[in-house]
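Structure, as structure tokens:
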Amino acid sequence: MSLSFGREYLAIPGPSVIPDKVLQAMHQPSPNIYEGPFAETINSIKRDLKQVAGTSGNVALYAANGHGVWDAALSNMAANGEEILVLATGQFALHWSELAKSQGLNIQILSFGNRATINTAKVWNSLKNDKGQNIKAILVPHVDTATSVRNDIMALRCILDELGHPAILCADIIASLGTDAVKLDEWGIDVAVAACQKGLMTPAGIGILFFNKKAEEARDALGQINAHWDWRIRASSDQIYPSFFGTPPTQQVFGLRAALDMLLREEGLETALRRHKVLAEVIWSAIDKWSHPDGIRMTVLDPAIRSHGVTSVEAVNGGGIKLQKWVTEHMGLTLGRGLGMAGPSDPECRDFFRIGHMGHVNGHMVLGILGAIDTGLKALNIPHGGGALAAATSAIADFTKSQTPTSI
Ligand SMILES: *Cc1c(COP(=O)(O)O)cnc(C)c1O
């Protein structure tokens, strides 16, 4: 027998845990899509999404997953044969660049490996060498979900401004929206790609594109593009049908409405971001204690460039895949697979796994993940240091003590 029978826990970096309130909000018949209050439901979601992303610009919605809005963003930024610069800190930007290639775009990739952030000097050089300023857009992940590296996007805006380069700065904020601080306007991001199934706690199906005035003008200069991906009608209309260019994913809209209420009104955005940071630090404190040269360790060494919603972990000698199987079989916990972290000798990324801790996650859930991993390390005889769970519980206790005490 195993101890997995009970509530299963999918602790992967998306789809994330769906709150009961979101599930319940979705459990209702489809609304009238010709007229009535559903238009305001959609419009209120657009307003709230802009608040979460820190922008007063435009937002367009799509019945699509993240790959769909990757495509949508490209279609609105560049035409066949035009040049795009891709800054890769992991698998996700590379997948995005494949999609761009399939659209006939001319791709230049700067890759910074799987454990480091963007080298701004290299970006500076690439843009400076672009004498004709032919690069139309820069694609960059804010958080790369495969490596769990978080990049400083504002630093890229500074480079573009200093060089007077007109490229559109386009960030993938799919893994960071609602999880890490995202400030589109302050950071000078022209276009941002998001989706609802990560920090926004809703089943996959709503893709989100943010774009500012500059991006809007660049889009207008392109002339005719694929009408389905065109962000203009979706962003400008307050009517139901044009907002999703067809039938809206009605139940997802209800779910996202409930999730945004939780995020912005129940908990508050700042508090939610703080919760993510504290819980991420709790996870890292445990991994630091486990750390062992023949066992398990963090892949991203500098905490300042780590995502607060996903953590990539290395466990050598196939420890990554063994642990994933063990915690599923014995604990009812699913961890994320390693993605693109290893070379050709390990195409399955057997030496890696990821912990998803984005969205609807609290202290006992994180301790459950850490307890299950700690148990697996023991059961599988994977070399590791001791004191990880004590470090995690102390980190939480210390955090609560640092808060204003509540009277009983
Ligand atoms: C999840 C994710 C995607 C892909 O989203 P899908 O909905 O699976 O298409 C793209 N980029 C980042 C950073 C992600 O985390």
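Residue numbering restarts at 1 in every chain; chains get A, B, ... in the order shown in the structure tokens, and ligands count up from 1 in that same order.
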
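Taking only C-alpha atoms, the non-local environment of Glu281 of chain A within 9 Å (same-chain residues fewer than 2 positions away omitted) comprises His276, Lys277, Val278, Leu279, Ile283, Trp284, Ser285, Ala286, Pro303, His308, Ala392 and Ala395 of chain A.
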
Q.
Which residues are near ligand 1 in this structure, taking near to mean any atom at most 9 Å from a ligand atom and counting only C-alpha atoms and all ligand atoms? Format them as a PyMOL selection string.
A. chain A and resi 13-15+64-70+92-93+95-96+141-146+172-176+193-198+204-207

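Separating atom CA of Ile84 of chain A from atom CA of Ile305 of chain A is a distance of 24.6 Å.
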
Mind running segment 149-196 of chain A against segment 214-235 of chain A at 10 Å and telling me each contacting residue's nearest atom pair with the distance in Å (one decimal), counting only C-alpha atoms, chain and number ascending, as JSON lines?
{"residue": "A:Pro166", "atom": "CA", "partner": "A:Lys214", "partner_atom": "CA", "distance": 9.5}
{"residue": "A:Ala167", "atom": "CA", "partner": "A:Ala215", "partner_atom": "CA", "distance": 9.6}
{"residue": "A:Ile168", "atom": "CA", "partner": "A:Ala215", "partner_atom": "CA", "distance": 6.7}
{"residue": "A:Leu169", "atom": "CA", "partner": "A:Ala215", "partner_atom": "CA", "distance": 8.9}
{"residue": "A:Cys170", "atom": "CA", "partner": "A:Ala215", "partner_atom": "CA", "distance": 9.3}
{"residue": "A:Ile189", "atom": "CA", "partner": "A:Ala215", "partner_atom": "CA", "distance": 9.6}
{"residue": "A:Asp190", "atom": "CA", "partner": "A:Ala215", "partner_atom": "CA", "distance": 5.8}
{"residue": "A:Val191", "atom": "CA", "partner": "A:Ala215", "partner_atom": "CA", "distance": 6.7}

Q.
Could you pull out the helix (DSSP H, G or I) residues of segment 11-54 of chain A, going by DSSP on the backbone, and write them as number ranges by chain?
A. A: 20-26, 38-53

**Q.** Close residues, Thr89 of chain A itself excluded, 7 Å, only C-alpha atoms, min 3 positions apart in chain, as a ChimeraX atom specification
**A.** /A:111-114,116-118,144,149

Residues at most 9 Å from Gly188 of chain A, counting only C-alpha atoms, excluding those fewer than 2 positions away in the same chain, as a compact mmCIF listing (two decimals) with N, CA, C and O atoms, in the first residue's frame?
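out22.txt written:
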# COMPACT_ATOMS: atom_id res chain seq x y z
N ILE A 153 13.95 43.46 -16.44
CA ILE A 153 13.51 43.97 -17.75
C ILE A 153 13.81 45.46 -17.88
O ILE A 153 14.09 45.95 -18.97
N MET A 154 13.76 46.16 -16.76
CA MET A 154 14.00 47.60 -16.84
C MET A 154 15.41 47.91 -17.34
O MET A 154 15.63 48.91 -18.03
N LEU A 156 16.88 46.44 -19.65
CA LEU A 156 16.84 46.40 -21.12
C LEU A 156 16.26 47.69 -21.68
O LEU A 156 16.71 48.21 -22.70
N ARG A 157 15.25 48.20 -20.98
CA ARG A 157 14.68 49.49 -21.41
C ARG A 157 15.75 50.58 -21.37
O ARG A 157 15.86 51.40 -22.29
N CYS A 158 16.60 50.55 -20.34
CA CYS A 158 17.66 51.57 -20.23
C CYS A 158 18.61 51.46 -21.43
O CYS A 158 19.01 52.48 -22.00
N LEU A 169 10.00 46.44 -26.89
CA LEU A 169 10.43 45.55 -25.81
C LEU A 169 9.22 44.70 -25.39
O LEU A 169 8.23 45.22 -24.88
N LYS A 183 5.74 45.59 -13.31
CA LYS A 183 5.39 47.01 -13.46
C LYS A 183 5.64 47.42 -14.90
O LYS A 183 6.69 47.98 -15.22
N LEU A 184 4.68 47.12 -15.74
CA LEU A 184 4.89 47.32 -17.18
C LEU A 184 5.25 48.77 -17.52
O LEU A 184 6.21 49.01 -18.26
N ASP A 185 4.49 49.73 -17.01
CA ASP A 185 4.73 51.13 -17.39
C ASP A 185 6.05 51.63 -16.81
O ASP A 185 6.85 52.24 -17.53
N GLU A 186 6.27 51.35 -15.54
CA GLU A 186 7.50 51.82 -14.87
C GLU A 186 8.75 51.22 -15.54
O GLU A 186 9.77 51.88 -15.65
N ASP A 190 6.84 47.48 -23.67
CA ASP A 190 5.88 47.91 -24.69
C ASP A 190 4.77 46.88 -24.90
O ASP A 190 3.61 47.22 -25.12

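A straight line drawn from atom CA of Gly387 of chain A to atom CA of Asp374 of chain A is 9.8 Å long.
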
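Of note, atom CA of Gly376 of chain A and atom CA of Leu323 of chain A are spaced 6.1 Å apart.
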
Q: Write down as a PyMOL selection string the residues belonging to segment 283-360 of chain A that are assigned strand (DSSP E or B) by DSSP computed on the backbone.
A: chain A and resi 296-298+306+310-315+333-337+352-356
